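Working notes, beginning with the structure itself.
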4 protein chains.
Amino acid sequence: DRPLVIADRTFSSRLMTGTGKYRNVEEMQQSVVASGCQIVTVAVRRVQTKAPGHENLAEALDWTKLWMLPNTAGCQTAEEAIRVARLGREMAKVLGQEDNNFVKLEVIPDPKYLLPDPIGTLQAAEQLVKEGFAVLPYINADPMLAKRLEEVGCVTVMPLASPIGSGQGLKTTANIQIIIENAGVPVVVDAGIGTPSEAAQAMELGADALLINTAIAQAKNPPAMARGMKLATEAGRLAYLAGRIPIKDYAIASSPLSGTVTS
Amino acid sequence: DRPLVIADRTFSSRLMTGTGKYRNVEEMQQSVVASGCQIVTVAVRRVQTKAPGHENLAEALDWTKLWMLPNTAGCQTAEEAIRVARLGREMAKVLGQEDNNFVKLEVIPDPKYLLPDPIGTLQAAEQLVKEGFAVLPYINADPMLAKRLEEVGCVTVMPLASPIGSGQGLKTTANIQIIIENAGVPVVVDAGIGTPSEAAQAMELGADALLINTAIAQAKNPPAMARGMKLATEAGRLAYLAGRIPIKDYAIASSPLSGTVTS
Amino acid sequence: DRPLVIADRTFSSRLMTGTGKYRNVEEMQQSVVASGCQIVTVAVRRVQTKAPGHENLAEALDWTKLWMLPNTAGCQTAEEAIRVARLGREMAKVLGQEDNNFVKLEVIPDPKYLLPDPIGTLQAAEQLVKEGFAVLPYINADPMLAKRLEEVGCVTVMPLASPIGSGQGLKTTANIQIIIENAGVPVVVDAGIGTPSEAAQAMELGADALLINTAIAQAKNPPAMARGMKLATEAGRLAYLAGRIPIKDYAIASSPLSGTVTS
Amino acid sequence: DRPLVIADRTFSSRLMTGTGKYRNVEEMQQSVVASGCQIVTVAVRRVQTKAPGHENLAEALDWTKLWMLPNTAGCQTAEEAIRVARLGREMAKVLGQEDNNFVKLEVIPDPKYLLPDPIGTLQAAEQLVKEGFAVLPYINADPMLAKRLEEVGCVTVMPLASPIGSGQGLKTTANIQIIIENAGVPVVVDAGIGTPSEAAQAMELGADALLINTAIAQAKNPPAMARGMKLATEAGRLAYLAGRIPIKDYAIASSPLSGTVTS
């Protein structure tokens with residue numbers, strides 16, 4: 001298998017996680033390790049506002065091994081998101097990641113479903129690309145929008161499986177399949193995955209990577225679930241490469257028999 | 001996690017495989033190793049008739065490490081199955097497993113879907129239990145039949161996910177859930193699983209173990225798929241124990257924000 | 001379309017309903033009419049025990065237009081069911097249906113899911129057929145059991161979509177499809193249907209008829225739901241006969257265009 | 001039930017159809033009648049180019065009873081769509097519908113999946129609303145885009161169930177549910193419906209109307225399928241209003257019994 005490459009950076013893990021919604025810092029630390037992830041997304045505004053669990057992020061995780069993906073959660077407009085993305089770049093520098101220009105772009109005016117605004121996202125993406133960011137936009141699973149974002153220079157597209165934190169699993173499979181089929185950049189399925197089987201399913205479709213946060217952070221046992229998600233991501237990738245059997249209407253005997261028993 | 005216990009025998013792996021339908025012996029050997037399985041099912045009639053890939057089974061696999069599960073594939077009636085089960089016990093002895101009384105009971109009159117006969121299966125199970133066998137019956141996902149089989153002394157029930165070799169995945173989820181909820185013996189989901197995501201899904205439901213053969217043997221790359229199935233089985237089990245998040249109608253922000261950006 | 005024929009009796013409606021679980025007799029009467037049904041199932045034991053809504057069944061419905069289908073609900077063993085079936089035959093005679101030998105056979109030892117016992121059902125069916133009954137057995141969606149019941153002389157098979165009254169819809173689709181494909185008698189999908197779309201779906205699979213009770217009786221507006229079920233049953237049957245379009249991976253333009261606009 | 005109102009015009013039928021893809025004019029005429037529809041969409045460019053079946057549209061259908069919905073199929077950009085919409089308005093006038101300003105807006109750059117461009121659609125919608133059109137935009141099932149289109153003055157939103165003509169059914173259920181929940185204008189599910197059960201399902205979700213073309217035109221028997229779609233649309237609407245039963249994990253007896261049989 002080739003490794004995952006985003007904006008010329010190579011990653012061996014195909015599972016990304018986050019730092020939000022954990023019950024305490026210890027569970028977060030253990031889960032990040034158990035997940036085997038190399039990319040950790042951090043809400044810039046949570047750090048800025050010293051939200052619980054984010055006061056001490058520089059010390060909490062080993063940023064010499066983890067690549068930070070600042071995100072613009074909490075931004076309702078393109079303008080806000082652009083401003084917060086710039087703050088995120090500063091944040092990464094403070095952590096010692098001088099060349100980190102990554103930003104997970106979220107433009108979310110909707111407080112109930114946290115669904116992203118396609119128009120504002122495209123506008124912000126265009127501007128941030130111009131400013132030299134490696135933009136990873138969070139979007140509804142719209143293949144035409146994904147194509148537009150790729151055309152303006154985004155380095156991945158991140159279609160949602162279902163609303164953030166809902167744990168509903170893959171509710172947008174048909175559109176995600178089309179996105180994968182047409183994408184020239186990595187497709188990262190983000191939001192809504194609730195279980196390892198759903199993680200594996202997304203990878204079997206051909207997704208390049210996953211971002212899973214709530215399903216780990218809010219599980220009864222987050223580090224165990226983190227490990228489950230790690231194994232499932234690998235399992236789904238293996239299956240994608242190994243070539244699954246075709247689905248058949250009828251049965252095919254595991255043990256075809258031509259002779260008869262002689263006893 | 002407690003290990004899997006069947007008829008007082010303990011197993012650390014929760015994935016069982018088989019020996020049929022491989023393109024060659026090497027792929028079979030590599031896949032059995034890659035799957036990490038401890039129980040391998042073998043069609044007694046295939047061995048009796050020296051079917052391809054079964055001429056040399058004693059040498060092909062390391063039976064000091066693997067537990068053989070003889071199966072009665074190819075039997076259409078209770079009588080046939082009983083006779084073949086006895087042959088299977090002899091076969092296990094020849095391999096050095098003196099105390100192996102396991103038999104995977106298949107009574108399958110239907111050549112197209114290979115669906116098991118509930119009546120013949122129950123009759124054969126009763127007789128084989130009397131003869132001291134540890135009976136693992138292959139059944140359609142009928143909770144009432146599962147209960148009956150448990151009552152007559154079967155050591156597991158093995159409901160099918162979908163027709164053997166079809167790769168259709170979990171098509172009997174609702175009934176399998178009821179079987180799991182009511183079972184006092186291990187529930188092994190058998191037949192129909194096509195991908196790691198489906199393997200994980202069955203384990204997340206609370207299945208105690210899986211038996212997967214065709215999806216591995218007929219994959220383009222069987223050893224890679226075997227490893228995928230291994231990881232997915234472990235992932236699903238981890239998730240079952242770790243406690244998944246509830247499914248919600250609305251989104252829950254990964255990064256709830258109360259403050260505002262000050263820049 | 002050919003009409004539905006069960007035991008040499010012809011019916012133009014393919015939707016059967018019941019009399020249980022209505023909030024009052026008026027809603028039941030209006031719903032039976034709105035459903036357009038010709039077959040109404042009645043729990044013999046409810047009539048015997050004068051359960052609410054069943055004190056006056058002879059007057060409540062017009063039995064010169066409706067064919068009564070006595071059912072053995074509440075019977076846990078074959079013996080009980082046989083006894084209650086005989087009572088049902090008497091009941092039909094009292095209503096003036098001298099030649100009515102129909103019985104809906106239910107053998108249900110399980111109080112939680114109300115799933116039928118395959119063994120007891122087959123035993124009772126054999127006996128009742130010998131006694132001249134036209135037996136319509138309620139079963140889990142097991143194709144092998146369905147075949148057995150047909151072989152002993154049952155006039156239909158009635159596989160369940162999901163547990164009685166659960167409104168879960170078609171949870172046994174794959175097995176019901178196999179039953180339909182192999183059946184030489186009408187297949188009546190019974191139990192679990194919650195909405196008209198599910199009713200239509202079962203008919204599109206090729207089911208010959210449906211039995212729907214709870215979804216109508218417990219709807220907020222039973223007569224309106226009864227009419228919805230009637231229309232959906234007809235719609236599904238029409239679609240089955242009309243031949244649906246194939247499912248395609250890609251789009252096919254509704255309005256293929258070869259020229260260009262000249263304006 | 002209240003009737004469907006779009007741009008102050010009232011319709012009693014909730015099923016819209018089209019004129020494309022029929023094998024001949026007779027099947028089209030019979031199907032339009034059998035569907036009971038009042039709104040028929042017509043591809044302006046097909047009429048302009050005198051495509052097969054569109055040479056004589058003025059005579060083929062009774063435009064005193066049917067309301068024409070000109071559509072911009074075949075337009076890849078906002079500019080094209082605006083131009084074709086204006087032609088459509090002229091076309092309606094020629095047919096005697098002087099006050100018909102309706103346009104079904106399609107901006108579709110993608111030739112394979114025929115998925116609409118969210119950005120171009122919004123731009124064209126804004127312009128057409130300014131020019132006095134009643135705009136019914138065809139969109140991917142993106143709730144944020146739907147809200148934007150409503151805000152600029154569109155009179156409905158028309159989210160797709162799955163790609164046009166694919167017959168895949170409802171693949172975007174979760175997003176369509178959110179659109180319905182938030183919409184202040186009628187939601188018309190358009191494209192991808194293949195069977196009456198899927199039509200009923202969309203209506204049960206609370207859709208205000210459906211547009212179905214390929215599933216009727218390309219069925220083996222189009223008029224029969226048209227009637228099936230009509231009945232299913234009505235059935236789904238009835239169920240939506242009648243209030244379905246809740247879905248339960250366990251069974252609820254249709255015939256609860258407290259007494260015992262006395263015989």
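Chain identifiers are assigned as A, B, and so on, following the order in which chains appear in the structure tokens; residues are numbered from 1 within each chain, and ligands are numbered from 1 in order of appearance.
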
List the neighbours of Tyr138 of chain C out to 10 Å using only C-alpha atoms; skip same-chain residues closer than 4 positions along the sequence, and give me the result as a short mmCIF file (atom, residue, chain, number, x, y, z; two decimals) with all heavy atoms, in the first residue's frame.
```cif
data_model
loop_
_atom_site.label_atom_id
_atom_site.label_comp_id
_atom_site.auth_asym_id
_atom_site.auth_seq_id
_atom_site.Cartn_x
_atom_site.Cartn_y
_atom_site.Cartn_z
N ASN C 71 -57.76 -17.31 13.89
CA ASN C 71 -56.35 -17.56 14.18
C ASN C 71 -56.17 -18.12 15.58
O ASN C 71 -57.04 -17.97 16.45
CB ASN C 71 -55.49 -16.32 13.95
CG ASN C 71 -55.71 -15.24 14.97
OD1 ASN C 71 -55.55 -15.46 16.17
ND2 ASN C 71 -56.08 -14.05 14.51
N THR C 72 -55.05 -18.77 15.77
CA THR C 72 -54.78 -19.47 17.04
C THR C 72 -53.86 -18.68 17.95
O THR C 72 -53.07 -19.25 18.72
CB THR C 72 -54.19 -20.87 16.76
OG1 THR C 72 -52.90 -20.70 16.17
CG2 THR C 72 -55.08 -21.69 15.82
N LYS C 104 -55.64 -19.60 10.46
CA LYS C 104 -54.30 -19.03 10.53
C LYS C 104 -53.63 -19.65 11.75
O LYS C 104 -54.03 -19.40 12.89
CB LYS C 104 -54.35 -17.50 10.66
CG LYS C 104 -52.97 -16.90 10.67
CD LYS C 104 -52.95 -15.39 10.79
CE LYS C 104 -51.52 -14.94 11.01
NZ LYS C 104 -51.42 -13.83 11.95
N LEU C 105 -52.60 -20.44 11.47
CA LEU C 105 -51.96 -21.23 12.52
C LEU C 105 -50.83 -20.45 13.17
O LEU C 105 -49.85 -20.07 12.52
CB LEU C 105 -51.41 -22.52 11.90
CG LEU C 105 -50.61 -23.44 12.82
CD1 LEU C 105 -51.44 -23.91 14.00
CD2 LEU C 105 -50.07 -24.62 12.01
N GLU C 106 -50.97 -20.20 14.47
CA GLU C 106 -49.91 -19.55 15.25
C GLU C 106 -49.55 -20.43 16.43
O GLU C 106 -50.42 -20.73 17.25
CB GLU C 106 -50.36 -18.18 15.76
CG GLU C 106 -50.83 -17.22 14.67
CD GLU C 106 -51.16 -15.82 15.24
OE1 GLU C 106 -50.69 -15.48 16.34
OE2 GLU C 106 -51.92 -15.09 14.57
N VAL C 107 -48.29 -20.83 16.51
CA VAL C 107 -47.79 -21.57 17.69
C VAL C 107 -46.63 -20.75 18.24
O VAL C 107 -45.55 -20.72 17.66
CB VAL C 107 -47.32 -22.99 17.30
CG1 VAL C 107 -46.79 -23.72 18.55
CG2 VAL C 107 -48.45 -23.78 16.66
N ILE C 108 -46.90 -20.06 19.33
CA ILE C 108 -46.00 -19.00 19.79
C ILE C 108 -45.66 -19.17 21.27
O ILE C 108 -46.38 -18.68 22.13
CB ILE C 108 -46.63 -17.62 19.53
CG1 ILE C 108 -46.90 -17.44 18.04
CG2 ILE C 108 -45.76 -16.51 20.09
CD1 ILE C 108 -47.45 -16.10 17.63
N LEU C 115 -42.38 -14.76 18.48
CA LEU C 115 -41.90 -15.49 17.31
C LEU C 115 -42.43 -16.92 17.35
O LEU C 115 -42.51 -17.54 18.40
CB LEU C 115 -40.37 -15.50 17.30
CG LEU C 115 -39.74 -14.13 17.05
CD1 LEU C 115 -38.23 -14.22 17.20
CD2 LEU C 115 -40.11 -13.59 15.68
N PRO C 116 -42.81 -17.44 16.20
CA PRO C 116 -43.43 -18.77 16.15
C PRO C 116 -42.40 -19.89 16.27
O PRO C 116 -41.25 -19.75 15.86
CB PRO C 116 -44.08 -18.78 14.77
CG PRO C 116 -43.29 -17.83 13.95
CD PRO C 116 -42.77 -16.77 14.89
N ASP C 117 -42.86 -21.00 16.81
CA ASP C 117 -42.03 -22.20 16.98
C ASP C 117 -42.08 -23.02 15.69
O ASP C 117 -43.15 -23.51 15.31
CB ASP C 117 -42.59 -23.01 18.15
CG ASP C 117 -41.91 -24.37 18.27
OD1 ASP C 117 -40.76 -24.51 17.81
OD2 ASP C 117 -42.55 -25.29 18.82
N PRO C 118 -40.95 -23.20 15.01
CA PRO C 118 -41.01 -23.91 13.72
C PRO C 118 -41.42 -25.37 13.87
O PRO C 118 -42.15 -25.89 13.02
CB PRO C 118 -39.57 -23.79 13.20
CG PRO C 118 -38.72 -23.50 14.39
CD PRO C 118 -39.60 -22.75 15.34
N THR C 121 -45.18 -25.66 14.90
CA THR C 121 -46.02 -25.22 13.79
C THR C 121 -46.14 -26.31 12.74
O THR C 121 -47.24 -26.59 12.22
CB THR C 121 -45.43 -23.94 13.16
OG1 THR C 121 -45.34 -22.93 14.19
CG2 THR C 121 -46.30 -23.43 12.03
N ALA C 146 -40.71 -23.10 5.12
CA ALA C 146 -41.82 -22.79 4.21
C ALA C 146 -42.04 -23.94 3.24
O ALA C 146 -43.18 -24.34 2.98
CB ALA C 146 -41.52 -21.49 3.45
N THR C 156 -51.08 -21.66 2.14
CA THR C 156 -50.22 -20.49 1.96
C THR C 156 -49.05 -20.69 2.93
O THR C 156 -49.07 -21.59 3.76
CB THR C 156 -50.86 -19.14 2.38
OG1 THR C 156 -51.06 -19.17 3.79
CG2 THR C 156 -52.16 -18.89 1.66
N VAL C 157 -48.06 -19.79 2.83
CA VAL C 157 -47.13 -19.60 3.94
C VAL C 157 -47.18 -18.12 4.29
O VAL C 157 -47.39 -17.27 3.42
CB VAL C 157 -45.68 -20.03 3.61
CG1 VAL C 157 -45.59 -21.55 3.59
CG2 VAL C 157 -45.20 -19.45 2.29
N MET C 158 -47.02 -17.82 5.56
CA MET C 158 -47.14 -16.44 6.04
C MET C 158 -45.89 -16.04 6.81
O MET C 158 -45.89 -15.99 8.04
CB MET C 158 -48.38 -16.32 6.93
CG MET C 158 -49.67 -16.75 6.22
SD MET C 158 -51.16 -16.45 7.21
CE MET C 158 -51.39 -14.69 7.03
N PRO C 159 -44.82 -15.74 6.08
CA PRO C 159 -43.58 -15.35 6.79
C PRO C 159 -43.71 -13.95 7.38
O PRO C 159 -44.36 -13.08 6.82
CB PRO C 159 -42.54 -15.37 5.67
CG PRO C 159 -43.29 -15.10 4.43
CD PRO C 159 -44.65 -15.74 4.62
N LEU C 160 -43.05 -13.75 8.49
CA LEU C 160 -43.10 -12.45 9.15
C LEU C 160 -42.06 -11.50 8.58
O LEU C 160 -40.96 -11.91 8.20
CB LEU C 160 -42.92 -12.61 10.66
CG LEU C 160 -41.63 -13.23 11.22
CD1 LEU C 160 -40.56 -12.16 11.40
CD2 LEU C 160 -41.95 -13.88 12.56
N VAL C 188 -47.97 -14.85 1.89
CA VAL C 188 -48.62 -13.71 2.53
C VAL C 188 -47.66 -13.15 3.57
O VAL C 188 -47.34 -13.83 4.54
CB VAL C 188 -49.93 -14.14 3.23
CG1 VAL C 188 -50.65 -12.91 3.80
CG2 VAL C 188 -50.83 -14.90 2.27
N VAL C 189 -47.18 -11.94 3.36
CA VAL C 189 -46.27 -11.35 4.35
C VAL C 189 -47.10 -10.82 5.52
O VAL C 189 -48.05 -10.06 5.33
CB VAL C 189 -45.39 -10.25 3.73
CG1 VAL C 189 -44.57 -9.55 4.80
CG2 VAL C 189 -44.48 -10.85 2.67
N ASP C 190 -46.72 -11.25 6.70
CA ASP C 190 -47.54 -11.05 7.89
C ASP C 190 -46.66 -10.54 9.01
O ASP C 190 -45.58 -11.08 9.25
CB ASP C 190 -48.13 -12.41 8.28
CG ASP C 190 -49.04 -12.34 9.49
OD1 ASP C 190 -49.46 -11.23 9.86
OD2 ASP C 190 -49.34 -13.40 10.04
N ALA C 191 -47.10 -9.50 9.70
CA ALA C 191 -46.45 -9.01 10.91
C ALA C 191 -45.26 -8.11 10.63
O ALA C 191 -44.37 -8.43 9.86
CB ALA C 191 -45.97 -10.16 11.80
#
```

Strand (DSSP E or B) call set, DSSP backbone run, segment 61-172 of chain B, as an MDAnalysis selection string = chainID B and resid 67:71 102:105 134:139 157:160

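Neighbours of Trp67 of chain B closer than or equal to 10 Å, with only C-alpha atoms counted and sequence neighbours fewer than 6 positions away skipped, come out as B:Phe11, B:Met16, B:Cys37, B:Gln38, B:Ile39, B:Val40, B:Thr41, B:Ala92, B:Gln97, B:Asn100, B:Phe102.
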
Store the residues picked out above in a file with N, CA, C and O atoms, as a PDB file, in the first residue's frame.
```pdb
ATOM      1  N   PHE B  11     -10.622 -20.386  23.786  1.00  0.00           N
ATOM      2  CA  PHE B  11      -9.990 -19.882  22.566  1.00  0.00           C
ATOM      3  C   PHE B  11      -9.765 -18.374  22.693  1.00  0.00           C
ATOM      4  O   PHE B  11     -10.652 -17.653  23.151  1.00  0.00           O
ATOM      5  N   MET B  16     -13.116 -17.878  13.173  1.00  0.00           N
ATOM      6  CA  MET B  16     -12.882 -19.234  12.674  1.00  0.00           C
ATOM      7  C   MET B  16     -12.856 -19.174  11.151  1.00  0.00           C
ATOM      8  O   MET B  16     -13.564 -18.376  10.556  1.00  0.00           O
ATOM      9  N   CYS B  37      -6.640 -17.426  13.329  1.00  0.00           N
ATOM     10  CA  CYS B  37      -7.699 -18.299  13.848  1.00  0.00           C
ATOM     11  C   CYS B  37      -7.109 -19.477  14.620  1.00  0.00           C
ATOM     12  O   CYS B  37      -5.953 -19.864  14.421  1.00  0.00           O
ATOM     13  N   GLN B  38      -7.916 -20.025  15.511  1.00  0.00           N
ATOM     14  CA  GLN B  38      -7.522 -21.226  16.252  1.00  0.00           C
ATOM     15  C   GLN B  38      -8.414 -22.415  15.912  1.00  0.00           C
ATOM     16  O   GLN B  38      -8.082 -23.546  16.217  1.00  0.00           O
ATOM     17  N   ILE B  39      -9.546 -22.116  15.309  1.00  0.00           N
ATOM     18  CA  ILE B  39     -10.479 -23.177  14.912  1.00  0.00           C
ATOM     19  C   ILE B  39     -10.599 -23.157  13.392  1.00  0.00           C
ATOM     20  O   ILE B  39     -10.850 -22.103  12.804  1.00  0.00           O
ATOM     21  N   VAL B  40     -10.376 -24.316  12.786  1.00  0.00           N
ATOM     22  CA  VAL B  40     -10.491 -24.431  11.330  1.00  0.00           C
ATOM     23  C   VAL B  40     -11.503 -25.514  11.018  1.00  0.00           C
ATOM     24  O   VAL B  40     -11.369 -26.643  11.492  1.00  0.00           O
ATOM     25  N   THR B  41     -12.509 -25.164  10.240  1.00  0.00           N
ATOM     26  CA  THR B  41     -13.502 -26.181   9.890  1.00  0.00           C
ATOM     27  C   THR B  41     -13.092 -26.898   8.613  1.00  0.00           C
ATOM     28  O   THR B  41     -12.523 -26.289   7.688  1.00  0.00           O
ATOM     29  N   ALA B  92     -10.458 -36.476  13.337  1.00  0.00           N
ATOM     30  CA  ALA B  92      -9.769 -35.660  14.344  1.00  0.00           C
ATOM     31  C   ALA B  92      -8.784 -36.513  15.139  1.00  0.00           C
ATOM     32  O   ALA B  92      -7.676 -36.064  15.454  1.00  0.00           O
ATOM     33  N   GLN B  97      -5.976 -35.323  17.701  1.00  0.00           N
ATOM     34  CA  GLN B  97      -6.860 -34.617  18.638  1.00  0.00           C
ATOM     35  C   GLN B  97      -7.819 -35.638  19.242  1.00  0.00           C
ATOM     36  O   GLN B  97      -9.005 -35.703  18.893  1.00  0.00           O
ATOM     37  N   ASN B 100     -11.188 -34.495  20.741  1.00  0.00           N
ATOM     38  CA  ASN B 100     -11.986 -33.576  19.930  1.00  0.00           C
ATOM     39  C   ASN B 100     -13.302 -34.224  19.520  1.00  0.00           C
ATOM     40  O   ASN B 100     -13.333 -35.102  18.654  1.00  0.00           O
ATOM     41  N   PHE B 102     -15.907 -32.150  18.661  1.00  0.00           N
ATOM     42  CA  PHE B 102     -16.647 -31.062  18.015  1.00  0.00           C
ATOM     43  C   PHE B 102     -17.182 -31.507  16.654  1.00  0.00           C
ATOM     44  O   PHE B 102     -16.538 -32.262  15.929  1.00  0.00           O
TER      45      PHE B 102
END
```

key: Contact set, chain B to chain C: 8 Å, only C-alpha atoms, as number ranges by chain   = B: 110, 115-119, 140, 142-145, 162, 171-174

request  = Can you list, as a PyMOL selection string, all residues belonging to segment 138-245 of chain C that DSSP tags as alpha helix (DSSP H)?
outcome  = chain C and resi 143-151+173-182+196-204+214-217+222-242

Writing out the chosen residues with C-alpha atoms as a PDB file, in the first residue's frame:
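Written out: out.pdb:
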```pdb
ATOM      1  CA  PRO C 143     -37.352 -20.829   3.261  1.00  0.00           C
ATOM      2  CA  MET C 144     -36.722 -24.455   4.228  1.00  0.00           C
ATOM      3  CA  LEU C 145     -39.532 -24.438   6.769  1.00  0.00           C
ATOM      4  CA  ALA C 146     -41.816 -22.790   4.215  1.00  0.00           C
ATOM      5  CA  LYS C 147     -41.071 -25.594   1.773  1.00  0.00           C
ATOM      6  CA  ARG C 148     -41.774 -28.234   4.403  1.00  0.00           C
ATOM      7  CA  LEU C 149     -45.110 -26.636   5.246  1.00  0.00           C
ATOM      8  CA  GLU C 150     -46.059 -26.486   1.606  1.00  0.00           C
ATOM      9  CA  GLU C 151     -45.164 -30.160   1.261  1.00  0.00           C
ATOM     10  CA  THR C 173     -36.218  -9.326   2.925  1.00  0.00           C
ATOM     11  CA  ALA C 174     -33.543 -11.700   1.676  1.00  0.00           C
ATOM     12  CA  ASN C 175     -35.276 -14.768   3.083  1.00  0.00           C
ATOM     13  CA  ILE C 176     -38.713 -13.608   1.944  1.00  0.00           C
ATOM     14  CA  GLN C 177     -37.373 -13.236  -1.581  1.00  0.00           C
ATOM     15  CA  ILE C 178     -36.175 -16.841  -1.533  1.00  0.00           C
ATOM     16  CA  ILE C 179     -39.504 -18.013  -0.146  1.00  0.00           C
ATOM     17  CA  ILE C 180     -41.361 -16.213  -2.939  1.00  0.00           C
ATOM     18  CA  GLU C 181     -39.043 -17.595  -5.573  1.00  0.00           C
ATOM     19  CA  ASN C 182     -39.616 -21.177  -4.449  1.00  0.00           C
ATOM     20  CA  PRO C 196     -47.550   1.915   3.304  1.00  0.00           C
ATOM     21  CA  SER C 197     -44.065   2.112   1.800  1.00  0.00           C
ATOM     22  CA  GLU C 198     -43.227  -1.161   3.507  1.00  0.00           C
ATOM     23  CA  ALA C 199     -46.468  -2.696   2.291  1.00  0.00           C
ATOM     24  CA  ALA C 200     -45.652  -1.641  -1.260  1.00  0.00           C
ATOM     25  CA  GLN C 201     -42.125  -2.967  -0.919  1.00  0.00           C
ATOM     26  CA  ALA C 202     -43.335  -6.423   0.094  1.00  0.00           C
ATOM     27  CA  MET C 203     -45.721  -6.528  -2.857  1.00  0.00           C
ATOM     28  CA  GLU C 204     -42.978  -5.352  -5.237  1.00  0.00           C
ATOM     29  CA  THR C 214     -51.326  -3.201  14.313  1.00  0.00           C
ATOM     30  CA  ALA C 215     -50.074  -0.577  11.873  1.00  0.00           C
ATOM     31  CA  ILE C 216     -53.676   0.255  11.059  1.00  0.00           C
ATOM     32  CA  ALA C 217     -55.353  -0.287  14.425  1.00  0.00           C
ATOM     33  CA  PRO C 222     -56.826   4.151  11.683  1.00  0.00           C
ATOM     34  CA  PRO C 223     -59.279   4.517   8.782  1.00  0.00           C
ATOM     35  CA  ALA C 224     -56.905   6.876   6.951  1.00  0.00           C
ATOM     36  CA  MET C 225     -54.027   4.485   7.491  1.00  0.00           C
ATOM     37  CA  ALA C 226     -56.196   1.595   6.331  1.00  0.00           C
ATOM     38  CA  ARG C 227     -56.846   3.412   3.086  1.00  0.00           C
ATOM     39  CA  GLY C 228     -53.121   4.180   2.768  1.00  0.00           C
ATOM     40  CA  MET C 229     -52.331   0.493   3.171  1.00  0.00           C
ATOM     41  CA  LYS C 230     -54.960  -0.423   0.577  1.00  0.00           C
ATOM     42  CA  LEU C 231     -53.515   1.977  -1.992  1.00  0.00           C
ATOM     43  CA  ALA C 232     -49.949   0.905  -1.258  1.00  0.00           C
ATOM     44  CA  THR C 233     -50.788  -2.779  -1.613  1.00  0.00           C
ATOM     45  CA  GLU C 234     -52.332  -2.070  -4.995  1.00  0.00           C
ATOM     46  CA  ALA C 235     -49.410   0.172  -5.970  1.00  0.00           C
ATOM     47  CA  GLY C 236     -46.871  -2.517  -5.087  1.00  0.00           C
ATOM     48  CA  ARG C 237     -48.775  -5.139  -7.026  1.00  0.00           C
ATOM     49  CA  LEU C 238     -49.067  -2.835 -10.054  1.00  0.00           C
ATOM     50  CA  ALA C 239     -45.320  -2.210  -9.922  1.00  0.00           C
ATOM     51  CA  TYR C 240     -44.560  -5.918  -9.662  1.00  0.00           C
ATOM     52  CA  LEU C 241     -46.588  -6.530 -12.808  1.00  0.00           C
ATOM     53  CA  ALA C 242     -45.530  -3.353 -14.634  1.00  0.00           C
TER      54      ALA C 242
END
```

task = For atom CA of Arg45 of chain B and atom CA of Arg89 of chain B, quote the distance in Å rounded to one decimal.
result = 12.5 Å

request  = Identify, on the basis of only C-alpha atoms, every residue whose closest approach to Cys154 of chain D does not exceed 8 Å; exclude the query and any residue fewer than 6 positions from it along the same chain; express the result as a PyMOL selection string.
outcome  = chain D and resi 125+129+134-137

File dump, residues just selected, N, CA and C atoms, as a short mmCIF file (atom, residue, chain, number, x, y, z; two decimals), in the first residue's frame:
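out-v6.cif, freshly written:
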```cif
data_model
loop_
_atom_site.label_atom_id
_atom_site.label_comp_id
_atom_site.auth_asym_id
_atom_site.auth_seq_id
_atom_site.Cartn_x
_atom_site.Cartn_y
_atom_site.Cartn_z
N ALA D 125 -30.67 31.06 -9.83
CA ALA D 125 -31.91 31.25 -9.09
C ALA D 125 -32.10 32.72 -8.71
N VAL D 129 -35.29 34.81 -10.08
CA VAL D 129 -36.27 35.38 -9.15
C VAL D 129 -36.43 36.87 -9.42
N ALA D 134 -41.08 31.98 -11.05
CA ALA D 134 -41.29 31.10 -9.90
C ALA D 134 -40.30 29.96 -10.08
N VAL D 135 -39.24 29.98 -9.28
CA VAL D 135 -38.10 29.08 -9.51
C VAL D 135 -38.19 27.83 -8.63
N LEU D 136 -38.13 26.67 -9.27
CA LEU D 136 -38.11 25.37 -8.57
C LEU D 136 -36.75 24.73 -8.86
N PRO D 137 -35.78 24.92 -7.98
CA PRO D 137 -34.43 24.45 -8.30
C PRO D 137 -34.22 22.97 -7.96
#
```

Test item: residues at most 10 Å from Met28 of chain D, only C-alpha atoms, excluding those fewer than 2 positions along its chain, as a PyMOL selection string = chain D and resi 18-26+30-34+53+60-61+216-217+222-223+226

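Note that the spacing between atom CA of Thr77 of chain A and atom CA of Ala78 of chain D amounts to 24.0 Å.
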